[in-house]
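Below is the file coords_37.cif, which contains mmCIF, C-alpha atoms.
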data_my_file
#
loop_
_atom_site.label_atom_id
_atom_site.label_comp_id
_atom_site.auth_asym_id
_atom_site.auth_seq_id
_atom_site.Cartn_x
_atom_site.Cartn_y
_atom_site.Cartn_z
CA MET A 1 1.75 24.13 13.43
CA LEU A 2 3.78 22.18 10.88
CA ALA A 3 6.78 20.11 11.81
CA THR A 4 10.14 21.81 11.52
CA THR A 5 12.19 18.71 12.27
CA THR A 6 11.67 15.12 11.29
CA GLN A 7 12.00 12.32 13.79
CA LEU A 8 11.68 8.70 12.80
CA THR A 9 9.48 7.80 15.75
CA PRO A 10 6.72 5.22 16.18
CA PHE A 11 3.08 6.24 15.88
CA SER A 12 -0.15 4.54 16.88
CA ILE A 13 -3.28 3.54 14.99
CA GLY A 14 -5.78 2.86 17.72
CA ASP A 15 -4.08 0.45 20.10
CA VAL A 16 -1.60 -0.79 17.48
CA THR A 17 1.89 0.70 17.60
CA ILE A 18 3.67 1.14 14.28
CA ASP A 19 7.44 1.05 14.77
CA THR A 20 8.34 3.54 12.03
CA PRO A 21 6.19 6.15 10.23
CA LEU A 22 6.98 4.55 6.86
CA THR A 23 4.20 2.45 5.34
CA LEU A 24 3.72 0.35 2.23
CA ALA A 25 0.75 1.33 0.06
CA PRO A 26 -1.70 -1.39 -0.94
CA MET A 27 -1.28 -2.12 -4.65
CA ALA A 28 -3.36 -4.60 -6.62
CA GLY A 29 -1.19 -7.26 -8.21
CA HIS A 30 1.84 -6.34 -6.14
CA THR A 31 1.40 -6.27 -2.36
CA HIS A 32 0.97 -10.00 -1.84
CA TYR A 33 2.66 -11.68 1.13
CA ALA A 34 5.96 -12.28 -0.66
CA PHE A 35 6.49 -8.61 -1.50
CA ARG A 36 5.29 -7.40 1.89
CA LYS A 37 7.71 -9.82 3.58
CA LEU A 38 10.57 -8.69 1.36
CA CYS A 39 9.97 -5.02 2.22
CA ARG A 40 9.89 -5.88 5.92
CA GLU A 41 13.10 -7.92 5.67
CA GLN A 42 15.01 -4.91 4.31
CA GLY A 43 14.13 -2.93 7.42
CA ASP A 44 12.19 0.15 8.55
CA CYS A 45 8.87 -0.65 6.86
CA GLY A 46 6.47 0.00 9.72
CA LEU A 47 3.12 -1.08 8.30
CA VAL A 48 2.09 -3.16 5.30
CA THR A 49 -1.34 -3.51 3.69
CA THR A 50 -2.75 -6.29 1.55
CA GLU A 51 -4.10 -6.02 -1.94
CA LEU A 52 -7.71 -4.84 -2.00
CA LEU A 53 -10.42 -7.45 -1.39
CA SER A 54 -14.00 -7.20 -2.61
CA SER A 55 -16.67 -7.11 0.10
CA SER A 56 -19.38 -8.18 -2.34
CA ALA A 57 -17.34 -11.23 -3.39
CA MET A 58 -17.61 -12.51 0.17
CA GLN A 59 -21.41 -12.60 0.07
CA ASN A 60 -21.83 -15.81 -1.91
CA LYS A 61 -20.17 -19.18 -1.60
CA GLY A 62 -18.72 -19.39 -5.11
CA SER A 63 -16.92 -16.07 -5.22
CA PHE A 64 -15.93 -16.30 -1.56
CA LYS A 65 -13.90 -19.44 -2.24
CA LYS A 66 -11.96 -17.55 -4.90
CA THR A 67 -11.48 -14.56 -2.59
CA LEU A 68 -10.14 -16.88 0.10
CA THR A 69 -7.10 -17.50 -2.10
CA MET A 70 -6.17 -13.84 -1.52
CA PHE A 71 -6.29 -14.20 2.28
CA ASP A 72 -2.51 -14.31 2.50
CA TRP A 73 -1.59 -12.50 5.71
CA HIS A 74 0.57 -14.24 8.30
CA ALA A 75 1.22 -13.77 12.00
CA ASP A 76 4.91 -13.06 11.37
CA GLU A 77 4.09 -9.76 9.62
CA PHE A 78 2.04 -8.23 12.42
CA PRO A 79 0.79 -5.59 12.22
CA VAL A 80 -0.77 -6.10 8.80
CA SER A 81 -3.73 -4.13 7.53
CA VAL A 82 -6.26 -5.77 5.21
CA GLN A 83 -7.88 -3.54 2.60
CA LEU A 84 -11.54 -3.86 1.66
CA PHE A 85 -13.51 -2.17 -1.07
CA GLY A 86 -17.24 -1.86 -1.63
CA SER A 87 -20.05 0.64 -1.37
CA ASP A 88 -22.72 -1.13 0.65
CA PRO A 89 -22.31 -0.48 4.40
CA GLN A 90 -23.79 -3.81 5.49
CA GLU A 91 -21.71 -5.84 3.00
CA MET A 92 -18.58 -4.01 4.12
CA ALA A 93 -19.40 -4.68 7.78
CA GLU A 94 -19.97 -8.39 7.18
CA ALA A 95 -16.76 -8.69 5.14
CA ALA A 96 -14.80 -6.90 7.84
CA LYS A 97 -16.01 -9.40 10.45
CA ILE A 98 -14.85 -12.30 8.28
CA ILE A 99 -11.42 -10.74 7.75
CA VAL A 100 -10.91 -10.05 11.45
CA ASP A 101 -11.84 -13.66 12.21
CA TYR A 102 -9.00 -14.63 9.84
CA GLY A 103 -6.53 -12.58 11.89
CA ALA A 104 -6.40 -9.07 10.41
CA ALA A 105 -4.84 -6.56 12.82
CA MET A 106 -6.77 -3.69 11.24
CA ILE A 107 -9.18 -2.98 8.40
CA ASP A 108 -8.42 -0.39 5.73
CA ILE A 109 -11.32 0.90 3.62
CA ASN A 110 -10.40 1.64 0.02
CA MET A 111 -11.71 5.01 -1.13
CA GLY A 112 -8.80 5.69 -3.43
CA CYS A 113 -9.02 3.17 -6.29
CA TRP A 114 -9.88 4.94 -9.53
CA VAL A 115 -9.96 2.03 -11.98
CA PRO A 116 -13.34 1.73 -13.75
CA LYS A 117 -14.20 -1.82 -12.64
CA VAL A 118 -14.18 -0.59 -9.02
CA ALA A 119 -15.38 2.99 -9.38
CA LYS A 120 -18.29 2.15 -11.74
CA LYS A 121 -19.79 0.00 -9.00
CA GLY A 122 -19.65 2.90 -6.55
CA GLY A 123 -16.60 1.62 -4.66
CA GLY A 124 -13.10 3.00 -4.27
CA ALA A 125 -12.70 6.69 -4.98
CA ALA A 126 -16.29 6.91 -6.25
CA LEU A 127 -17.44 6.87 -2.62
CA LEU A 128 -15.93 10.36 -2.29
CA ARG A 129 -18.71 11.77 -4.46
CA ASP A 130 -20.92 11.73 -1.36
CA VAL A 131 -19.45 12.30 2.09
CA CYS A 132 -22.61 10.99 3.77
CA THR A 133 -22.49 7.63 1.96
CA ALA A 134 -18.75 7.32 2.54
CA SER A 135 -19.24 8.07 6.24
CA ALA A 136 -21.99 5.45 6.49
CA VAL A 137 -19.55 2.82 5.20
CA VAL A 138 -16.95 3.83 7.79
CA GLU A 139 -19.49 3.83 10.61
CA ALA A 140 -20.80 0.37 9.69
CA VAL A 141 -17.32 -1.17 9.60
CA VAL A 142 -16.23 0.51 12.84
CA LYS A 143 -19.30 -0.87 14.65
CA ALA A 144 -18.76 -4.34 13.22
CA VAL A 145 -15.20 -5.04 14.37
CA ASP A 146 -13.00 -4.57 17.42
CA VAL A 147 -9.79 -3.71 15.54
CA PRO A 148 -8.75 -0.27 14.26
CA VAL A 149 -10.42 0.87 11.05
CA THR A 150 -8.55 3.18 8.67
CA VAL A 151 -9.37 4.75 5.32
CA LYS A 152 -7.29 5.44 2.20
CA VAL A 153 -8.63 8.27 0.04
CA ARG A 154 -7.84 10.43 -2.96
CA SER A 155 -8.12 14.22 -2.83
CA GLY A 156 -11.54 13.74 -4.39
CA PHE A 157 -13.38 11.92 -7.14
CA GLU A 158 -14.11 14.82 -9.50
CA ASP A 159 -11.17 16.92 -10.65
CA GLY A 160 -10.92 20.09 -8.57
CA VAL A 161 -13.57 19.03 -6.03
CA VAL A 162 -11.66 18.32 -2.82
CA THR A 163 -13.76 16.04 -0.61
CA ALA A 164 -10.90 14.47 1.34
CA ILE A 165 -10.89 17.36 3.80
CA PRO A 166 -14.54 17.31 4.96
CA PHE A 167 -14.61 13.52 4.73
CA ALA A 168 -11.55 13.16 6.99
CA LYS A 169 -13.33 14.93 9.82
CA ALA A 170 -16.51 12.92 9.25
CA ALA A 171 -14.52 9.66 9.22
CA GLU A 172 -12.82 10.57 12.50
CA ASP A 173 -16.20 11.34 14.04
CA CYS A 174 -17.39 7.89 12.92
CA GLY A 175 -14.48 6.22 14.72
CA ALA A 176 -11.81 5.82 12.04
CA LYS A 177 -8.35 5.61 13.62
CA ALA A 178 -6.21 6.87 10.71
CA ILE A 179 -6.52 8.22 7.18
CA ALA A 180 -4.08 7.93 4.28
CA VAL A 181 -4.38 10.68 1.68
CA HIS A 182 -3.15 10.21 -1.88
CA ALA A 183 -3.03 13.83 -2.93
CA ARG A 184 -4.34 13.37 -6.47
CA PHE A 185 -7.87 13.30 -7.83
CA ALA A 186 -9.29 10.02 -9.12
CA GLY A 187 -9.19 11.18 -12.72
CA GLN A 188 -5.47 11.88 -12.51
CA GLY A 189 -4.56 8.26 -11.88
CA HIS A 190 -0.82 8.55 -11.28
CA SER A 191 -0.29 11.50 -13.63
CA GLY A 192 0.65 15.06 -12.72
CA ASP A 193 2.05 16.17 -9.39
CA ALA A 194 0.49 15.32 -6.04
CA ASP A 195 -0.88 18.40 -4.26
CA TRP A 196 0.46 18.01 -0.75
CA ASP A 197 -1.58 21.01 0.43
CA VAL A 198 -4.55 18.64 0.61
CA ILE A 199 -2.64 16.46 3.09
CA ARG A 200 -1.78 19.55 5.14
CA HIS A 201 -5.42 20.65 5.26
CA VAL A 202 -6.55 17.18 6.31
CA LYS A 203 -3.99 17.20 9.11
CA GLU A 204 -5.25 20.59 10.26
CA ILE A 205 -8.91 19.55 10.36
CA VAL A 206 -8.70 16.27 12.29
CA SER A 207 -8.29 16.26 16.05
CA GLU A 208 -6.28 13.17 16.97
CA MET A 209 -6.43 10.72 14.08
CA PRO A 210 -3.02 10.12 12.43
CA VAL A 211 -2.71 11.33 8.85
CA ILE A 212 -0.56 9.36 6.40
CA GLY A 213 0.67 11.28 3.38
CA ASN A 214 0.88 9.55 0.00
CA GLY A 215 2.01 10.67 -3.44
CA ASP A 216 5.39 11.39 -5.04
CA ILE A 217 7.63 9.91 -2.35
CA HIS A 218 10.67 8.55 -4.19
CA THR A 219 13.57 9.48 -1.89
CA GLY A 220 14.41 10.28 1.69
CA ALA A 221 14.46 13.97 0.81
CA ASP A 222 10.90 13.68 -0.54
CA ALA A 223 9.73 12.07 2.70
CA LYS A 224 11.42 14.72 4.84
CA ARG A 225 9.82 17.48 2.79
CA MET A 226 6.37 15.91 3.07
CA PHE A 227 6.68 15.63 6.85
CA GLU A 228 7.77 19.24 7.11
CA GLU A 229 5.32 20.76 4.62
CA THR A 230 2.20 18.86 5.70
CA GLY A 231 2.73 17.93 9.34
CA CYS A 232 1.60 14.37 8.52
CA ASP A 233 2.26 11.60 11.03
CA ALA A 234 3.56 9.04 8.51
CA VAL A 235 4.24 8.64 4.83
CA MET A 236 3.05 5.92 2.48
CA ILE A 237 5.23 4.66 -0.36
CA GLY A 238 3.68 2.87 -3.31
CA ARG A 239 5.04 2.70 -6.85
CA ALA A 240 8.56 3.72 -5.76
CA SER A 241 8.82 0.47 -3.79
CA LEU A 242 8.26 -1.73 -6.85
CA GLY A 243 11.59 -3.26 -7.74
CA GLN A 244 13.04 -1.39 -4.74
CA PRO A 245 11.89 -3.12 -1.53
CA TRP A 246 14.89 -1.54 0.20
CA ILE A 247 13.46 1.97 -0.22
CA PHE A 248 12.10 2.07 3.34
CA GLN A 249 15.56 1.46 4.77
CA GLN A 250 17.00 4.15 2.51
CA VAL A 251 14.33 6.71 3.44
CA ALA A 252 14.76 5.92 7.14
CA HIS A 253 18.53 6.34 6.90
CA TYR A 254 18.10 9.74 5.29
CA LEU A 255 15.62 10.84 7.95
CA ARG A 256 18.02 9.75 10.68
CA THR A 257 21.24 11.13 9.22
CA GLY A 258 20.49 13.49 6.33
CA GLU A 259 22.64 11.26 4.12
CA ASP A 260 21.72 8.96 1.23
CA LEU A 261 22.69 5.31 1.37
CA PRO A 262 24.39 4.00 -1.76
CA PRO A 263 21.99 1.96 -3.93
CA PRO A 264 22.30 -1.83 -3.87
CA SER A 265 24.73 -3.30 -6.37
CA ARG A 266 23.46 -5.07 -9.47
CA SER A 267 24.35 -8.39 -7.85
CA GLU A 268 22.41 -7.51 -4.70
CA ARG A 269 19.40 -6.38 -6.72
CA ALA A 270 19.43 -9.71 -8.55
CA ARG A 271 19.62 -11.59 -5.26
CA LEU A 272 16.57 -9.75 -3.93
CA ALA A 273 14.70 -10.25 -7.19
CA LEU A 274 15.35 -13.96 -6.98
CA ARG A 275 14.18 -14.06 -3.36
CA HIS A 276 11.06 -12.19 -4.46
CA ALA A 277 10.40 -14.90 -7.04
CA HIS A 278 10.97 -17.82 -4.68
CA LEU A 279 8.89 -16.28 -1.89
CA THR A 280 6.06 -15.82 -4.36
CA LEU A 281 6.18 -19.44 -5.50
CA GLU A 282 6.40 -20.64 -1.90
CA HIS A 283 3.42 -18.69 -0.58
CA CYS A 284 1.01 -17.97 -3.43
CA ASN A 285 -1.98 -20.13 -4.34
CA LEU A 286 -1.28 -20.02 -8.06
CA ARG A 287 0.15 -22.69 -10.31
CA GLU A 288 3.79 -22.08 -11.18
CA SER A 289 2.95 -21.01 -14.72
CA GLN A 290 0.43 -18.43 -13.45
CA ALA A 291 2.78 -17.13 -10.76
CA VAL A 292 5.63 -16.74 -13.24
CA LEU A 293 3.35 -14.73 -15.55
CA GLU A 294 2.83 -12.24 -12.71
CA LEU A 295 6.50 -12.32 -11.73
CA ARG A 296 7.66 -11.36 -15.22
CA GLY A 297 6.56 -7.75 -14.73
CA GLN A 298 7.50 -7.61 -11.06
CA ILE A 299 11.05 -8.92 -11.40
CA SER A 300 11.79 -6.81 -14.48
CA LYS A 301 11.40 -3.69 -12.30
CA TYR A 302 14.65 -4.46 -10.43
CA GLN A 303 16.74 -2.76 -13.15
CA LEU A 304 19.09 -5.67 -13.68
CA ASP A 305 20.43 -4.69 -17.11
CA GLU A 306 23.76 -3.07 -17.71
CA PRO A 307 23.43 0.60 -18.76
CA GLY A 308 22.10 0.89 -22.29
CA SER A 309 20.95 -2.72 -22.46
CA VAL A 310 17.53 -4.39 -22.13
CA GLN A 311 18.75 -7.96 -22.63
CA VAL A 312 17.97 -9.19 -19.11
CA ARG A 313 14.56 -7.57 -19.09
CA ASN A 314 13.68 -9.07 -22.46
CA ARG A 315 14.63 -12.52 -21.20
CA LEU A 316 12.71 -12.12 -17.93
CA VAL A 317 9.45 -11.19 -19.63
CA ARG A 318 9.62 -14.45 -21.61
CA CYS A 319 10.16 -16.76 -18.63
CA ASP A 320 7.80 -19.71 -18.19
CA THR A 321 9.20 -21.38 -15.06
CA ILE A 322 11.03 -20.50 -11.88
CA ALA A 323 14.01 -22.41 -13.32
CA ASP A 324 14.08 -19.89 -16.19
CA ILE A 325 14.27 -17.03 -13.69
CA ASP A 326 17.01 -18.80 -11.74
CA ALA A 327 19.03 -19.31 -14.92
CA ILE A 328 18.89 -15.59 -15.74
CA LEU A 329 19.52 -14.15 -12.29
CA GLN A 330 22.03 -16.55 -10.71
CA PRO A 331 24.91 -15.56 -13.04
CA ILE A 332 24.35 -11.90 -12.12
CA ILE A 333 24.38 -12.79 -8.42
CA ASP A 334 27.60 -14.79 -8.82
CA VAL A 335 29.55 -12.02 -10.52
#
Do you think you could lay out the structure here as structure tokens?
Amino acid sequence: MLATTTQLTPFSIGDVTIDTPLTLAPMAGHTHYAFRKLCREQGDCGLVTTELLSSSAMQNKGSFKKTLTMFDWHADEFPVSVQLFGSDPQEMAEAAKIIVDYGAAMIDINMGCWVPKVAKKGGGAALLRDVCTASAVVEAVVKAVDVPVTVKVRSGFEDGVVTAIPFAKAAEDCGAKAIAVHARFAGQGHSGDADWDVIRHVKEIVSEMPVIGNGDIHTGADAKRMFEETGCDAVMIGRASLGQPWIFQQVAHYLRTGEDLPPPSRSERARLALRHAHLTLEHCNLRESQAVLELRGQISKYQLDEPGSVQVRNRLVRCDTIADIDAILQPIIDV
């Protein structure tokens, strides 16, 4: 029976309570601590997840030291989920133990990444080619740790071959405590429309495990429609949050009232973009020059130009220092 009304109520993943059913998708190159913190500060973001970490990189001393620089979760953002990718059950289990020792509240297994450098090694969405292998990975991680284990999947690896539905039931039987379903096939990347029927079928086949719907959530109305059409327990927002860390607050307000909040002013967007930049410099393990290179693309997503202009964006993508970013954004804030 699908939901006919939408309530913005907490839900649970194992023994962890998530305050709102609005979650931030893990995104490589974006969901570092600074951005996760910014989304949380704006309100109503119930669960955040780290960028994906390689289980195989934790198996030798050299690569593990580099991976350690990505261990950026903090106690103040509890609950935070840490995402792992890999295809070897034992490697995944050992990596999960390490991550839990470093304070992860839950482990999320990546079975949704479609980029070649992950999928060609059998990880990410490529695991969905074989439900048995994918289930073995889940089972190994569940047995290795005492925190909830979740999985993020695509509809399937091969176009038209939906494996998310049988896998969801198998994952639940192995002890997974939640599943997030991006309702596109691996080959689609982010193109085309998400097929929310896959999310609905996953929700119908599992017994108790929460189902988190992902794909094409840009507004509060989108979220409400996904809840109602699929019966999912929560929604996951990814690309729509980039340059819009306030989106969770806006979606929540719509779900509570049926009304849209006005978008932040240009000055407010600039203020948040500048906070994004300073949080990144404060908490990342990169040199300033490296961090600013990453920030160029992230800050330019805040739509800080006047209509019809790209002057601010063009200046931002040429920044070399945090002082350069300050010099561009502070005058917009002060208007």
- request: Run the PyMOL selection byres ((chain A and resi 317-326) around 9) mentally over the shown coordinates, then write out the matched residues as a VMD selection string, using the chain letters and numbers from the document.
  value: chain A and resid 274 277 to 278 281 288 to 293 295 to 297 299 to 300 312 to 316 327 to 331
Residues of stretch 235-325 of chain A that have any atom at most 12 Å from an atom of stretch 182-191 of chain A: could you tabulate them with the shortest-distance atom pair and the distance in Å to one decimal, using all atoms listed in the file, ordered by chain and increasing number, as a tab-separated table?
residue	atom	partner	partner_atom	distance
A:Val235	CA	A:His182	CA	10.1
A:Met236	CA	A:His182	CA	8.7
A:Ile237	CA	A:His182	CA	10.2
A:Gly238	CA	A:His182	CA	10.1
A:Arg239	CA	A:His190	CA	9.4
A:Ala240	CA	A:His190	CA	11.9
- request: Take the PyMOL selection byres ((chain A and resi 119) around 12), apply it to the structure above, and return the hits as an MDAnalysis selection string.
  value: chainID A and resid 85:87 110:118 120:129 157:158 186:187
Would you mind exporting the chosen residues as a PDB file, in the frame of the given file, restricted to C-alpha atoms?
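Once written, selection15.pdb looks like this:
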ATOM      1  CA  PHE A  85     -13.510  -2.170  -1.070  1.00  0.00           C
ATOM      2  CA  GLY A  86     -17.240  -1.860  -1.630  1.00  0.00           C
ATOM      3  CA  SER A  87     -20.050   0.640  -1.370  1.00  0.00           C
ATOM      4  CA  ASN A 110     -10.400   1.640   0.020  1.00  0.00           C
ATOM      5  CA  MET A 111     -11.710   5.010  -1.130  1.00  0.00           C
ATOM      6  CA  GLY A 112      -8.800   5.690  -3.430  1.00  0.00           C
ATOM      7  CA  CYS A 113      -9.020   3.170  -6.290  1.00  0.00           C
ATOM      8  CA  TRP A 114      -9.880   4.940  -9.530  1.00  0.00           C
ATOM      9  CA  VAL A 115      -9.960   2.030 -11.980  1.00  0.00           C
ATOM     10  CA  PRO A 116     -13.340   1.730 -13.750  1.00  0.00           C
ATOM     11  CA  LYS A 117     -14.200  -1.820 -12.640  1.00  0.00           C
ATOM     12  CA  VAL A 118     -14.180  -0.590  -9.020  1.00  0.00           C
ATOM     13  CA  LYS A 120     -18.290   2.150 -11.740  1.00  0.00           C
ATOM     14  CA  LYS A 121     -19.790   0.000  -9.000  1.00  0.00           C
ATOM     15  CA  GLY A 122     -19.650   2.900  -6.550  1.00  0.00           C
ATOM     16  CA  GLY A 123     -16.600   1.620  -4.660  1.00  0.00           C
ATOM     17  CA  GLY A 124     -13.100   3.000  -4.270  1.00  0.00           C
ATOM     18  CA  ALA A 125     -12.700   6.690  -4.980  1.00  0.00           C
ATOM     19  CA  ALA A 126     -16.290   6.910  -6.250  1.00  0.00           C
ATOM     20  CA  LEU A 127     -17.440   6.870  -2.620  1.00  0.00           C
ATOM     21  CA  LEU A 128     -15.930  10.360  -2.290  1.00  0.00           C
ATOM     22  CA  ARG A 129     -18.710  11.770  -4.460  1.00  0.00           C
ATOM     23  CA  PHE A 157     -13.380  11.920  -7.140  1.00  0.00           C
ATOM     24  CA  GLU A 158     -14.110  14.820  -9.500  1.00  0.00           C
ATOM     25  CA  ALA A 186      -9.290  10.020  -9.120  1.00  0.00           C
ATOM     26  CA  GLY A 187      -9.190  11.180 -12.720  1.00  0.00           C
TER      27      GLY A 187
END
query: Which is closer to A:Val80 than all the others in A:Thr50, A:Thr280, A:Gln250, A:Ser12, using only C-alpha atoms?
result: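 Using only C-alpha atoms, the shortest distance to A:Val80 belongs to A:Thr50.
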task: Take the PyMOL selection byres ((chain A and resi 82) around 6), apply it to the structure above, and return the hits as JSON, numbers by chain.
output: {"A": [49, 50, 81, 83, 107, 108]}
- prompt: Mind pulling up the distance from atom CA of A:Lys152 to atom CA of A:Glu204?
  reply: 17.3 Å
- prompt: If you measure from atom CA of A:Met209 to atom CA of A:Met226, what distance in Å do you get, rounded to one decimal?
  reply: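 The value is 17.7 Å.
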field: Selection near stretch 92-99 of chain A, 6 Å with only C-alpha atoms, sequence-local residues under 4 positions removed, as a list of chain:residue names
entry: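 Skipping anything fewer than 4 positions along the chain leaves A:Ser55, A:Ala104, A:Ala140, A:Val141, A:Ala144, A:Val145.
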Could you take the residues named above and write them with C-alpha atoms, as a short mmCIF file (atom, residue, chain, number, x, y, z; two decimals), in the coordinates of the input?
data_model
loop_
_atom_site.label_atom_id
_atom_site.label_comp_id
_atom_site.auth_asym_id
_atom_site.auth_seq_id
_atom_site.Cartn_x
_atom_site.Cartn_y
_atom_site.Cartn_z
CA SER A 55 -16.67 -7.11 0.10
CA ALA A 104 -6.40 -9.07 10.41
CA ALA A 140 -20.80 0.37 9.69
CA VAL A 141 -17.32 -1.17 9.60
CA ALA A 144 -18.76 -4.34 13.22
CA VAL A 145 -15.20 -5.04 14.37
#
query: For A:Asp146, which residue among A:Glu294, A:Asp260, A:Glu41, A:Asp15 is the nearest when counting all atoms listed in the file?
result: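 When distances to A:Asp146 are compared using all atoms listed in the file, the smallest one comes from A:Asp15.
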- request: Could you give me, as a VMD selection string, the residues within 12 Å of A:Ala176, counting all atoms listed in the file and dropping anything in the same chain fewer than 4 positions from it?
  value: chain A and resid 13 to 14 106 to 109 134 to 143 145 to 152 167 to 172 180 206 to 211
- prompt: Pick the closest to A:Ser54 from A:Ala28, A:His74, A:Val100, A:Pro262: which is it, counting all atoms listed in the file?
  reply: A:Ala28
